[in-house]
file data35.txt (compact mmCIF, C-alpha atoms)
# COMPACT_ATOMS: atom_id res chain seq x y z
CA MET A 1205 64.88 124.69 158.93
CA SER A 1206 66.04 127.10 156.30
CA GLN A 1207 64.90 126.87 152.71
CA ILE A 1208 66.96 124.57 150.50
CA PHE A 1209 66.82 126.90 147.54
CA HIS A 1210 67.49 130.56 147.75
CA ARG A 1211 64.89 132.95 146.33
CA SER A 1212 67.14 133.81 143.40
CA THR A 1213 66.81 130.27 142.02
CA ASN A 1214 63.27 131.21 140.92
CA THR A 1215 64.84 133.33 138.23
CA LEU A 1216 67.19 130.52 137.38
CA ALA A 1217 64.24 128.17 136.96
CA ARG A 1218 62.48 130.62 134.67
CA VAL A 1219 65.61 131.06 132.60
CA THR A 1220 66.00 127.31 132.35
CA ILE A 1221 62.46 126.85 131.04
CA PHE A 1222 63.07 129.58 128.53
CA GLY A 1223 66.47 128.09 127.75
CA ALA A 1224 64.98 124.68 127.04
CA LEU A 1225 62.53 126.27 124.64
CA PHE A 1226 65.36 128.17 123.08
CA ILE A 1227 67.43 125.03 122.60
CA VAL A 1228 64.51 123.11 121.05
CA VAL A 1229 63.59 125.90 118.65
CA GLY A 1230 67.24 126.61 118.00
CA SER A 1231 68.07 123.05 117.08
CA LEU A 1232 64.95 122.76 114.91
CA PHE A 1233 66.13 125.86 113.11
CA ALA A 1234 69.67 124.48 112.83
CA ILE A 1235 68.42 121.16 111.40
CA ASN A 1236 66.20 123.05 109.00
CA GLU A 1237 69.11 125.13 107.77
CA PHE A 1238 71.52 122.20 107.74
CA THR A 1239 69.36 120.04 105.45
CA ARG A 1240 69.29 122.91 102.96
CA SER A 1241 72.96 123.77 103.33
CA ASP A 1242 75.54 123.44 100.59
CA TYR A 1243 77.15 120.71 102.68
CA ILE A 1244 74.10 118.48 102.15
CA THR A 1245 73.19 119.56 98.61
CA HIS A 1246 76.81 119.62 97.35
CA ALA A 1247 76.25 123.03 95.78
CA PHE A 1248 79.39 125.02 94.99
CA VAL A 1249 81.63 121.96 95.24
CA ALA A 1250 83.85 121.75 92.17
CA ARG A 1251 84.37 118.12 91.16
CA GLU A 1252 87.68 116.73 90.02
CA GLN A 1253 87.37 115.39 86.49
CA PRO A 1254 89.54 112.94 84.54
CA VAL A 1255 90.30 115.82 82.16
CA GLN A 1256 90.64 119.41 83.34
CA PHE A 1257 87.80 120.47 81.05
CA SER A 1258 87.02 124.14 81.52
CA HIS A 1259 83.69 125.73 80.58
CA LYS A 1260 85.38 129.04 81.27
CA HIS A 1261 87.77 128.49 78.36
CA HIS A 1262 85.38 126.84 75.95
CA VAL A 1263 82.26 128.91 76.61
CA GLY A 1264 83.63 132.12 78.12
CA ASP A 1265 86.75 132.57 75.95
CA VAL A 1266 86.16 130.59 72.75
CA GLY A 1267 82.44 131.43 72.79
CA LEU A 1268 81.05 128.00 71.96
CA ASP A 1269 77.28 127.53 72.19
CA CYS A 1270 76.10 124.90 74.71
CA ARG A 1271 74.50 122.97 71.87
CA TYR A 1272 77.83 122.41 70.13
CA CYS A 1273 78.51 119.81 72.83
CA HIS A 1274 75.22 119.21 74.65
CA THR A 1275 73.50 118.32 71.41
CA SER A 1276 70.29 116.78 72.73
CA VAL A 1277 69.30 119.48 75.21
CA GLU A 1278 66.51 120.85 72.98
CA LYS A 1279 65.14 117.48 71.98
CA SER A 1280 65.28 115.09 74.90
CA ALA A 1281 65.15 114.68 78.65
CA SER A 1282 68.89 114.58 79.10
CA ALA A 1283 71.18 117.33 77.88
CA GLY A 1284 73.78 114.92 76.55
CA ILE A 1285 77.47 114.70 77.45
CA PRO A 1286 79.63 115.08 74.33
CA PRO A 1287 81.29 111.93 72.96
CA THR A 1288 85.08 112.07 72.61
CA ARG A 1289 84.68 112.58 68.87
CA ILE A 1290 83.28 116.07 69.46
CA CYS A 1291 86.35 117.06 71.50
CA MET A 1292 88.53 115.76 68.69
CA ASN A 1293 86.79 118.01 66.13
CA CYS A 1294 89.13 120.69 67.43
CA HIS A 1295 91.76 118.88 69.44
CA THR A 1296 93.17 117.00 66.47
CA GLN A 1297 94.91 120.32 65.88
CA ILE A 1298 94.61 122.52 68.98
CA TRP A 1299 96.78 121.54 71.97
CA LYS A 1300 97.30 118.28 70.13
CA ASP A 1301 100.42 117.32 72.10
CA SER A 1302 99.31 118.63 75.48
CA PRO A 1303 99.52 116.11 78.35
CA TYR A 1304 96.25 117.58 79.70
CA LEU A 1305 94.49 116.02 76.75
CA GLU A 1306 96.11 112.60 76.88
CA PRO A 1307 92.98 110.94 78.41
CA VAL A 1308 90.93 112.38 75.54
CA ARG A 1309 93.31 111.05 72.90
CA ALA A 1310 93.51 107.70 74.67
CA SER A 1311 89.72 107.47 74.66
CA TYR A 1312 89.67 108.34 70.95
CA ARG A 1313 92.26 105.66 70.15
CA THR A 1314 90.65 102.89 72.17
CA GLY A 1315 86.99 103.83 71.76
CA LYS A 1316 86.44 103.66 75.54
CA PRO A 1317 84.37 106.62 76.73
CA ILE A 1318 85.83 109.12 79.21
CA HIS A 1319 84.37 108.57 82.69
CA TRP A 1320 83.25 112.06 83.71
CA THR A 1321 82.27 112.56 87.33
CA ARG A 1322 78.61 113.52 87.61
CA VAL A 1323 77.96 116.94 89.09
CA HIS A 1324 74.16 117.21 89.02
CA HIS A 1325 72.36 114.12 90.14
CA LEU A 1326 68.68 113.85 91.01
CA PRO A 1327 67.46 110.77 92.87
CA ASP A 1328 66.01 108.07 90.59
CA PHE A 1329 62.46 108.70 91.78
CA VAL A 1330 62.44 112.17 90.23
CA TYR A 1331 61.65 112.79 86.59
CA PHE A 1332 63.37 115.76 85.00
CA ASN A 1333 63.29 116.86 81.38
CA HIS A 1334 65.49 119.49 79.72
CA SER A 1335 63.61 119.91 76.46
CA ILE A 1336 60.38 121.19 78.03
CA HIS A 1337 62.23 123.81 80.08
CA VAL A 1338 64.25 125.01 77.09
CA ALA A 1339 61.16 125.05 74.84
CA LYS A 1340 59.18 127.08 77.36
CA GLY A 1341 61.71 129.81 77.97
CA VAL A 1342 63.79 128.70 80.97
CA GLY A 1343 67.46 129.43 80.28
CA CYS A 1344 70.45 127.29 81.23
CA SER A 1345 71.92 129.89 83.55
CA THR A 1346 68.73 130.10 85.64
CA CYS A 1347 69.46 126.57 86.88
CA HIS A 1348 73.18 126.12 86.20
CA GLY A 1349 74.51 129.61 86.89
CA ARG A 1350 77.41 131.29 85.14
CA VAL A 1351 79.08 128.21 83.65
CA ASP A 1352 81.13 130.54 81.44
CA GLN A 1353 83.03 131.47 84.61
CA MET A 1354 83.61 127.94 85.91
CA PRO A 1355 87.07 126.42 85.40
CA LEU A 1356 85.56 123.25 86.87
CA MET A 1357 81.85 122.49 86.74
CA MET A 1358 79.85 122.87 89.94
CA GLN A 1359 76.24 122.95 91.00
CA VAL A 1360 74.91 126.35 92.07
CA ASN A 1361 71.38 125.40 93.16
CA SER A 1362 70.17 122.92 95.76
CA LEU A 1363 68.17 120.76 93.26
CA GLN A 1364 65.85 120.03 96.17
CA MET A 1365 62.11 119.68 95.68
CA GLU A 1366 61.62 123.04 97.33
CA TRP A 1367 63.75 124.66 94.63
CA CYS A 1368 61.82 123.07 91.76
CA LEU A 1369 58.49 124.02 93.33
CA ASP A 1370 59.61 127.56 94.02
CA CYS A 1371 59.81 128.09 90.28
CA HIS A 1372 56.90 125.86 89.25
CA ARG A 1373 54.60 127.96 91.45
CA ASN A 1374 55.74 131.16 89.83
CA PRO A 1375 57.60 130.55 86.56
CA GLU A 1376 57.02 134.11 85.25
CA ARG A 1377 60.05 135.35 87.16
CA ALA A 1378 62.38 133.12 85.13
CA LEU A 1379 60.94 133.20 81.60
CA ARG A 1380 63.10 134.62 78.81
CA PRO A 1381 62.65 135.35 75.12
CA LYS A 1382 63.60 132.36 72.91
CA ASN A 1383 66.85 133.88 71.64
CA GLU A 1384 68.24 134.38 75.16
CA ILE A 1385 67.97 130.77 76.42
CA PHE A 1386 71.64 129.93 75.87
CA ASN A 1387 72.98 133.32 76.91
CA THR A 1388 74.84 132.78 80.19
CA THR A 1389 74.95 136.49 81.00
CA TRP A 1390 71.18 137.11 80.84
CA THR A 1391 69.71 138.98 83.79
CA ALA A 1392 66.06 139.79 84.37
CA PRO A 1393 65.14 143.27 83.07
CA SER A 1394 63.51 145.68 85.52
CA ASP A 1395 60.04 145.03 84.06
CA GLN A 1396 60.43 141.23 84.20
CA GLU A 1397 57.12 140.77 86.02
CA GLU A 1398 55.17 142.24 83.13
CA ARG A 1399 57.30 140.58 80.42
CA GLY A 1400 57.14 137.25 82.23
CA LYS A 1401 53.34 137.32 82.23
CA ARG A 1402 53.32 138.07 78.52
CA LEU A 1403 55.82 135.28 77.79
CA ALA A 1404 53.85 132.83 79.95
CA LYS A 1405 50.82 133.46 77.74
CA GLU A 1406 52.90 133.21 74.56
CA TYR A 1407 54.49 129.90 75.62
CA ASN A 1408 51.17 128.57 76.87
CA ILE A 1409 52.57 127.71 80.31
CA GLN A 1410 50.37 125.09 81.96
CA ALA A 1411 48.25 125.71 85.04
CA ARG A 1412 49.93 125.86 88.44
CA ALA A 1413 47.96 122.81 89.52
CA VAL A 1414 49.70 120.74 86.82
CA LEU A 1415 53.18 122.00 87.57
CA GLU A 1416 52.68 121.42 91.31
CA SER A 1417 51.14 117.99 90.97
CA CYS A 1418 53.24 115.17 92.48
CA SER A 1419 52.95 113.05 89.35
CA THR A 1420 54.61 115.71 87.21
CA CYS A 1421 57.96 114.97 88.81
CA HIS A 1422 57.34 111.60 90.46
CA ARG A 1423 56.02 109.38 87.69
CA MET B 1053 74.05 95.36 127.85
CA SER B 1054 75.83 92.69 125.92
CA ILE B 1055 78.14 93.42 123.00
CA GLY B 1056 75.47 92.10 120.60
CA LYS B 1057 73.04 94.80 121.66
CA TYR B 1058 75.67 97.47 121.18
CA LEU B 1059 76.34 96.11 117.72
CA ILE B 1060 72.66 96.25 116.79
CA LEU B 1061 72.49 99.83 118.04
CA LEU B 1062 75.50 100.65 115.93
CA ILE B 1063 74.24 98.99 112.74
CA THR B 1064 70.61 100.13 112.75
CA PRO B 1065 71.31 103.74 111.70
CA PHE B 1066 73.37 102.50 108.75
CA ALA B 1067 70.58 100.17 107.71
CA LEU B 1068 68.15 103.09 107.73
CA VAL B 1069 70.48 105.20 105.64
CA SER B 1070 70.83 102.48 103.05
CA CYS B 1071 67.04 102.24 102.77
CA ARG B 1072 67.03 105.79 101.56
CA ASN B 1073 69.68 105.13 98.96
CA GLU B 1074 67.84 102.13 97.53
CA MET B 1075 65.23 104.51 96.17
CA HIS B 1076 67.79 107.11 95.22
CA ASP B 1077 69.84 104.67 93.18
CA GLN B 1078 67.48 102.09 91.80
CA PRO B 1079 69.00 99.17 89.90
CA LYS B 1080 67.75 100.23 86.49
CA ALA B 1081 69.38 101.55 83.34
CA LYS B 1082 69.31 105.32 82.97
CA SER B 1083 71.24 107.72 80.75
CA TYR B 1084 74.95 107.90 81.65
CA ARG B 1085 74.72 105.02 84.08
CA ALA B 1086 77.36 102.33 83.64
CA SER B 1087 76.02 98.80 83.37
CA ALA B 1088 77.36 96.17 85.72
CA ILE B 1089 76.16 93.38 83.44
CA PHE B 1090 78.02 94.00 80.20
CA ASP B 1091 81.79 93.98 79.71
CA ASP B 1092 81.92 97.27 77.83
CA SER B 1093 79.86 98.87 80.65
CA LEU B 1094 77.37 100.36 78.19
CA SER B 1095 73.72 100.11 79.29
CA MET B 1096 72.49 100.87 75.81
CA ARG B 1097 73.33 97.89 73.65
CA PRO B 1098 74.73 98.43 70.18
CA VAL B 1099 72.02 97.79 67.59
CA VAL B 1100 72.33 94.96 65.11
CA GLU B 1101 74.06 96.12 61.96
CA GLY B 1102 71.62 97.30 59.35
CA THR B 1103 68.95 98.31 61.86
CA VAL B 1104 66.98 101.39 60.86
CA ALA B 1105 65.07 103.29 63.52
CA ARG B 1106 61.61 104.56 62.65
CA GLY B 1107 61.87 107.83 60.76
CA TYR B 1108 65.58 107.38 60.15
CA LEU B 1109 65.53 105.66 56.77
CA ARG B 1110 67.86 107.85 54.72
CA ALA B 1111 67.05 106.52 51.27
CA ASP B 1112 65.97 109.55 49.23
CA PRO B 1113 69.02 110.41 47.08
CA LEU B 1114 68.16 114.10 46.81
CA TYR B 1115 66.77 114.88 50.28
CA ASP B 1116 68.95 112.56 52.37
CA GLN B 1117 72.19 112.47 50.39
CA GLY B 1118 72.15 115.64 48.31
CA LYS B 1119 72.69 113.73 45.07
CA MET B 1120 71.03 113.69 41.67
CA ILE B 1121 71.56 111.86 38.40
CA ASP B 1122 73.08 113.86 35.54
CA ALA B 1123 72.44 113.41 31.79
CA SER B 1124 75.00 110.65 31.46
CA GLY B 1125 73.47 108.70 34.35
CA LYS B 1126 76.19 109.55 36.87
CA SER B 1127 75.38 110.51 40.46
CA ILE B 1128 76.48 114.11 41.12
CA ASP B 1129 76.00 116.76 43.82
CA ALA B 1130 72.49 118.18 43.57
CA ALA B 1131 72.22 121.57 41.91
CA THR B 1132 68.93 122.47 43.60
CA PHE B 1133 67.26 122.36 46.99
CA PRO B 1134 64.75 119.56 47.56
CA PHE B 1135 62.20 122.10 48.83
CA PRO B 1136 61.50 125.82 48.38
CA VAL B 1137 63.60 127.96 50.76
CA THR B 1138 61.54 130.20 53.05
CA LYS B 1139 62.41 132.78 55.70
CA THR B 1140 61.70 130.21 58.45
CA ILE B 1141 64.23 127.83 56.92
CA LEU B 1142 66.83 130.59 56.61
CA ASP B 1143 66.34 131.55 60.26
CA ARG B 1144 66.77 127.94 61.34
CA GLY B 1145 69.86 127.73 59.12
CA GLN B 1146 71.34 130.86 60.68
CA GLU B 1147 70.84 129.50 64.18
CA ARG B 1148 72.42 126.12 63.36
CA PHE B 1149 75.27 127.74 61.40
CA ASN B 1150 76.15 129.97 64.33
CA ILE B 1151 76.25 126.96 66.66
CA TYR B 1152 78.10 124.40 64.58
CA CYS B 1153 80.02 126.23 61.83
CA SER B 1154 80.88 129.72 63.06
CA PRO B 1155 83.52 128.51 65.59
CA CYS B 1156 85.78 127.80 62.60
CA HIS B 1157 84.22 129.56 59.59
CA GLY B 1158 83.35 132.79 61.44
CA MET B 1159 79.97 134.50 61.61
CA THR B 1160 80.25 135.78 58.03
CA GLY B 1161 81.96 132.74 56.53
CA GLU B 1162 85.32 134.43 56.01
CA GLY B 1163 87.07 131.51 57.70
CA ASP B 1164 88.26 133.49 60.73
CA GLY B 1165 86.33 131.89 63.61
CA MET B 1166 87.51 131.85 67.23
CA VAL B 1167 88.99 128.36 66.98
CA VAL B 1168 91.01 129.35 63.92
CA ARG B 1169 92.38 132.31 65.85
CA ARG B 1170 93.59 129.82 68.48
CA GLY B 1171 95.56 127.86 65.90
CA PHE B 1172 93.17 125.63 63.94
CA ARG B 1173 93.89 125.30 60.21
CA PRO B 1174 92.01 128.17 58.50
CA PRO B 1175 89.20 126.97 56.22
CA PRO B 1176 88.71 128.65 52.82
CA SER B 1177 86.46 131.71 52.72
CA TYR B 1178 82.94 131.00 51.43
CA HIS B 1179 83.28 134.11 49.31
CA MET B 1180 85.95 132.76 46.97
CA ASP B 1181 84.75 132.14 43.42
CA ARG B 1182 84.96 128.34 43.53
CA LEU B 1183 82.67 128.09 46.53
CA ARG B 1184 80.32 130.83 45.35
CA THR B 1185 79.55 128.76 42.28
CA ALA B 1186 79.48 125.44 44.14
CA THR B 1187 76.13 123.62 44.16
CA PRO B 1188 73.95 123.23 47.27
CA GLY B 1189 74.63 119.50 46.99
CA HIS B 1190 78.37 120.09 47.49
CA PHE B 1191 77.78 121.91 50.78
CA PHE B 1192 75.35 119.19 51.84
CA ASP B 1193 78.03 116.61 51.09
CA VAL B 1194 80.70 118.48 53.09
CA ILE B 1195 78.40 118.66 56.14
CA SER B 1196 77.41 114.99 55.82
CA ASN B 1197 80.83 113.48 55.17
CA GLY B 1198 83.39 116.09 56.20
CA PHE B 1199 86.06 117.50 53.92
CA GLY B 1200 89.81 117.08 54.35
CA THR B 1201 90.61 118.19 57.89
CA MET B 1202 87.04 119.29 58.55
CA PRO B 1203 85.00 116.83 60.67
CA ASP B 1204 81.50 115.84 59.54
CA TYR B 1205 78.39 117.18 61.28
CA ALA B 1206 76.02 114.38 60.30
CA MET B 1207 75.37 113.40 63.91
CA GLN B 1208 74.56 116.95 65.03
CA LEU B 1209 72.50 118.01 62.00
CA SER B 1210 69.53 116.11 60.56
CA PRO B 1211 69.12 116.28 56.74
CA ALA B 1212 66.48 119.01 57.15
CA ASP B 1213 68.89 121.07 59.28
CA ARG B 1214 71.73 120.48 56.81
CA TRP B 1215 69.65 121.92 53.98
CA ALA B 1216 68.75 124.89 56.19
CA VAL B 1217 72.45 125.52 56.88
CA VAL B 1218 73.24 125.24 53.15
CA ALA B 1219 70.49 127.77 52.39
CA TYR B 1220 71.94 130.16 54.96
CA VAL B 1221 75.49 129.76 53.60
CA LYS B 1222 74.15 130.54 50.11
CA ALA B 1223 72.44 133.63 51.55
CA LEU B 1224 75.71 134.67 53.25
CA GLN B 1225 77.48 134.42 49.92
CA VAL B 1226 74.92 136.64 48.25
CA SER B 1227 75.04 139.13 51.11
CA GLN B 1228 78.79 139.68 50.77
CA HIS B 1229 78.47 140.56 47.09
CA ALA B 1230 75.24 142.53 47.14
CA THR B 1231 75.07 145.96 45.52
CA VAL B 1232 73.02 148.84 46.90
CA ALA B 1233 70.64 148.48 43.95
CA GLU B 1234 69.76 144.94 45.06
CA ILE B 1235 68.62 146.04 48.51
CA PRO B 1236 64.83 146.50 48.71
CA PRO B 1237 63.96 150.25 48.93
CA PRO B 1238 62.35 150.20 52.40
CA ILE B 1239 65.53 148.75 53.94
CA ARG B 1240 67.87 150.77 51.69
CA SER B 1241 66.79 153.99 53.38
CA GLU B 1242 68.20 152.61 56.66
CA LEU B 1243 71.66 152.60 55.09
CA ASP B 1244 71.57 156.35 54.49
CA ALA B 1245 69.86 157.27 57.74
CA PRO B 1246 72.18 158.84 60.31
CA LYS B 1247 73.31 156.23 62.86
CA THR B 1248 73.11 158.55 65.88
CA ALA B 1249 69.47 157.79 66.69
CA THR B 1250 70.13 154.13 67.50
CA ALA B 1251 73.80 154.24 68.42
CA ALA B 1252 73.55 156.93 71.10
CA PRO B 1253 74.09 155.52 74.59
CA SER B 1254 70.86 155.26 76.53
CA LYS B 1255 70.27 157.77 79.26
CA PRO B 1256 71.02 156.65 82.80
CA GLU B 1257 67.81 155.88 84.68

call {"tool": "encode", "arguments": {"input": "data35.txt", "output": "structure tokens"}}
result
Amino acid sequence: MSQIFHRSTNTLARVTIFGALFIVVGSLFAINEFTRSDYITHAFVAREQPVQFSHKHHVGDVGLDCRYCHTSVEKSASAGIPPTRICMNCHTQIWKDSPYLEPVRASYRTGKPIHWTRVHHLPDFVYFNHSIHVAKGVGCSTCHGRVDQMPLMMQVNSLQMEWCLDCHRNPERALRPKNEIFNTTWTAPSDQEERGKRLAKEYNIQARAVLESCSTCHR
Amino acid sequence: MSIGKYLILLITPFALVSCRNEMHDQPKAKSYRASAIFDDSLSMRPVVEGTVARGYLRADPLYDQGKMIDASGKSIDAATFPFPVTKTILDRGQERFNIYCSPCHGMTGEGDGMVVRRGFRPPPSYHMDRLRTATPGHFFDVISNGFGTMPDYAMQLSPADRWAVVAYVKALQVSQHATVAEIPPPIRSELDAPKTATAAPSKPE
């Protein structure tokens, strides 16, 4: 009786074993990448808003400071979304008949707040606080990117735990002088490593063990 | 397998997914979250009228309202600051002025800010005689209550910050009318020094 399998199938068998390994590792890799992808984290997805509010116009062109609208960012956990009244400081006179601004005027007339669509949204079991980051030299653009170039707001970082920890383990890379916090165009100078160390001492940045501890963010 | 089993197989994954979201979106009030309980959908309830939060009692006429009593017993805009003005206060005032006032009044107070250039009604220059002689209390009052078409900034600026802004505006007014003789000698020499040393473009690296 002749052999059922030809000799060459030995190679095939070896390839198959290797192939199985390849598929397992490959799909692990794919899952790993997929869970971090923009599709999952919603990064770089511009959200439709009830009003076509443009940070590009207001910050980039008009040159408004973030704090003109996000008034509580230095003092409290949340940055604060401006009430309609703040829009009307200017829009009682500028573009005052524009249909784009009708929802704003309607909100001002009726006293019902505008329902903005949230862009950044951490799960409820995470504690985040703006004031500590601003007070200790982390600038808006490190986390929110170049908002002065965004016609519609979008997220530019994953906001995953990995991302937070990446900085909490090594905050020196991100630290800026106090007067640069709200500058959206800031980039790290070539000697950032050295400056960062100096700033970390000046701001009294807490030990890595504290910043890495689960109860810092899950409290 | 019966249809029931298929159904269970189909539903289980969804049940697992919703477990995850329970913890993501817990039924509690957080900032910006609409309330399902109240008609106006505000989670934070309006406080009873007349409520004063701790540290927010604004009862001092001079410090909190910028007023003082004149010889005839009338309440007028304060002519002085409630505290001595220091460099720290001026720096704070400059920062707040640049955020909240410069969009309309311009960095130097000429009344030519970016928003005015886009069509907002131009405010008067701070360097006109009437405003140069105006009391600190008048500026405090304008910030607290607004003035004509100008909105008030009471919500954005605490009384301490308002005084700091007033101090900075007063300093701006002085700066635009300063003579060379008034500049302290160590800084005056900078005026005469040739600009080239600092203005030259840095060498490529």

call {"tool": "residues_around", "arguments": {"input": "data35.txt", "residues": "region 1155-1159 of chain B", "least_positions_apart": "3", "cutoff": "8 Å", "atoms": "all atoms listed in the file", "output": "list in words"}}
result
Val1266, Gly1267 and Leu1268 of chain A; Asn1150, Ile1151, Tyr1152, Glu1162, Gly1163, Asp1164, Gly1165, Met1166, Val1167, Val1168, Phe1172, Pro1174, Pro1175 and Ser1177 of chain B

call {"tool": "interface_residues", "arguments": {"input": "data35.txt", "of": "chain B", "to": "chain A", "cutoff": "12 Å", "atoms": "only C-alpha atoms", "output": "PyMOL selection string"}}
result
chain B and resi 1072-1086+1091-1094+1143-1144+1147-1156+1158-1159+1165-1174+1198+1201-1210+1257

call {"tool": "axis_aligned_box", "arguments": {"input": "data35.txt", "around": "region 1411-1417 of chain A", "padding_each_side": "8 Å", "output": "AutoDock Vina command-line options"}}
result
--center_x 50.6 --center_y 121.9 --center_z 88.2 --size_x 21.2 --size_y 23.9 --size_z 22.3

call {"tool": "atom_distance", "arguments": {"input": "data35.txt", "atom1": "CA of Ala1339 (chain A)", "atom2": "CA of Phe1133 (chain B)"}}
result
28.6 Å

call {"tool": "residues_around", "arguments": {"input": "data35.txt", "residues": "region 1215-1226 of chain B", "least_positions_apart": "5", "cutoff": "7 Å", "atoms": "only C-alpha atoms", "output": "list in words"}}
result
Ile1141, Leu1142, Arg1144, Gly1145, Gln1146, Arg1148, Phe1149, Thr1160, Tyr1178, His1179, Arg1184, Pro1188, Phe1191 and Phe1192 of chain B

call {"tool": "atom_distance", "arguments": {"input": "data35.txt", "atom1": "CA of Gly1118 (chain B)", "atom2": "CA of Asp1193 (chain B)"}}
result
6.6 Å

call {"tool": "residues_around", "arguments": {"input": "data35.txt", "residues": "Asp1116 (chain B)", "least_positions_apart": "2", "cutoff": "10 Å", "atoms": "only C-alpha atoms", "output": "VMD selection string"}}
result
chain B and resid 1108 to 1114 1118 to 1119 1134 1192 1196 1210 to 1212 1214 to 1215

call {"tool": "write_last_selection", "arguments": {"input": "data35.txt", "atoms": "C-alpha atoms", "output": "PDB file, in the coordinates of the input"}}
result
ATOM      1  CA  TYR B1108      65.580 107.380  60.150  1.00  0.00           C
ATOM      2  CA  LEU B1109      65.530 105.660  56.770  1.00  0.00           C
ATOM      3  CA  ARG B1110      67.860 107.850  54.720  1.00  0.00           C
ATOM      4  CA  ALA B1111      67.050 106.520  51.270  1.00  0.00           C
ATOM      5  CA  ASP B1112      65.970 109.550  49.230  1.00  0.00           C
ATOM      6  CA  PRO B1113      69.020 110.410  47.080  1.00  0.00           C
ATOM      7  CA  LEU B1114      68.160 114.100  46.810  1.00  0.00           C
ATOM      8  CA  GLY B1118      72.150 115.640  48.310  1.00  0.00           C
ATOM      9  CA  LYS B1119      72.690 113.730  45.070  1.00  0.00           C
ATOM     10  CA  PRO B1134      64.750 119.560  47.560  1.00  0.00           C
ATOM     11  CA  PHE B1192      75.350 119.190  51.840  1.00  0.00           C
ATOM     12  CA  SER B1196      77.410 114.990  55.820  1.00  0.00           C
ATOM     13  CA  SER B1210      69.530 116.110  60.560  1.00  0.00           C
ATOM     14  CA  PRO B1211      69.120 116.280  56.740  1.00  0.00           C
ATOM     15  CA  ALA B1212      66.480 119.010  57.150  1.00  0.00           C
ATOM     16  CA  ARG B1214      71.730 120.480  56.810  1.00  0.00           C
ATOM     17  CA  TRP B1215      69.650 121.920  53.980  1.00  0.00           C
TER      18      TRP B1215
END

call {"tool": "closest_residue", "arguments": {"input": "data35.txt", "among": "B:Gln1117, B:Thr1132, B:Ser1087, B:Ser1227", "to": "Thr1187 (chain B)", "atoms": "only C-alpha atoms"}}
result
B:Thr1132

call {"tool": "residues_around", "arguments": {"input": "data35.txt", "residues": "Glu1406 (chain A)", "least_positions_apart": "5", "cutoff": "12 Å", "atoms": "all atoms listed in the file", "output": "PyMOL selection string"}}
result
chain A and resi 1339-1341+1376+1379-1382+1399-1401

call {"tool": "residues_near_point", "arguments": {"input": "data35.txt", "point": "(74.3, 125.5, 88.0)", "cutoff": "6 Å", "atoms": "only C-alpha atoms", "output": "number ranges by chain"}}
result
A: 1347-1349, 1359-1361

call {"tool": "closest_residue", "arguments": {"input": "data35.txt", "among": "A:Thr1314, A:Ser1258, A:Asn1387, A:Ser1419", "to": "Val1342 (chain A)", "atoms": "only C-alpha atoms"}}
result
A:Asn1387

call {"tool": "atom_distance", "arguments": {"input": "data35.txt", "atom1": "CA of Val1323 (chain A)", "atom2": "CA of Met1358 (chain A)"}}
result
6.3 Å

call {"tool": "residues_around", "arguments": {"input": "data35.txt", "residues": "Val1351 (chain A)", "least_positions_apart": "5", "cutoff": "8 Å", "atoms": "all atoms listed in the file", "output": "number ranges by chain"}}
result
A: 1259-1260, 1263, 1345, 1357, 1388

call {"tool": "closest_residue", "arguments": {"input": "data35.txt", "among": "A:Gly1264, A:Ala1392, A:Leu1403, A:Cys1371", "to": "Glu1416 (chain A)", "atoms": "all atoms listed in the file"}}
result
A:Cys1371
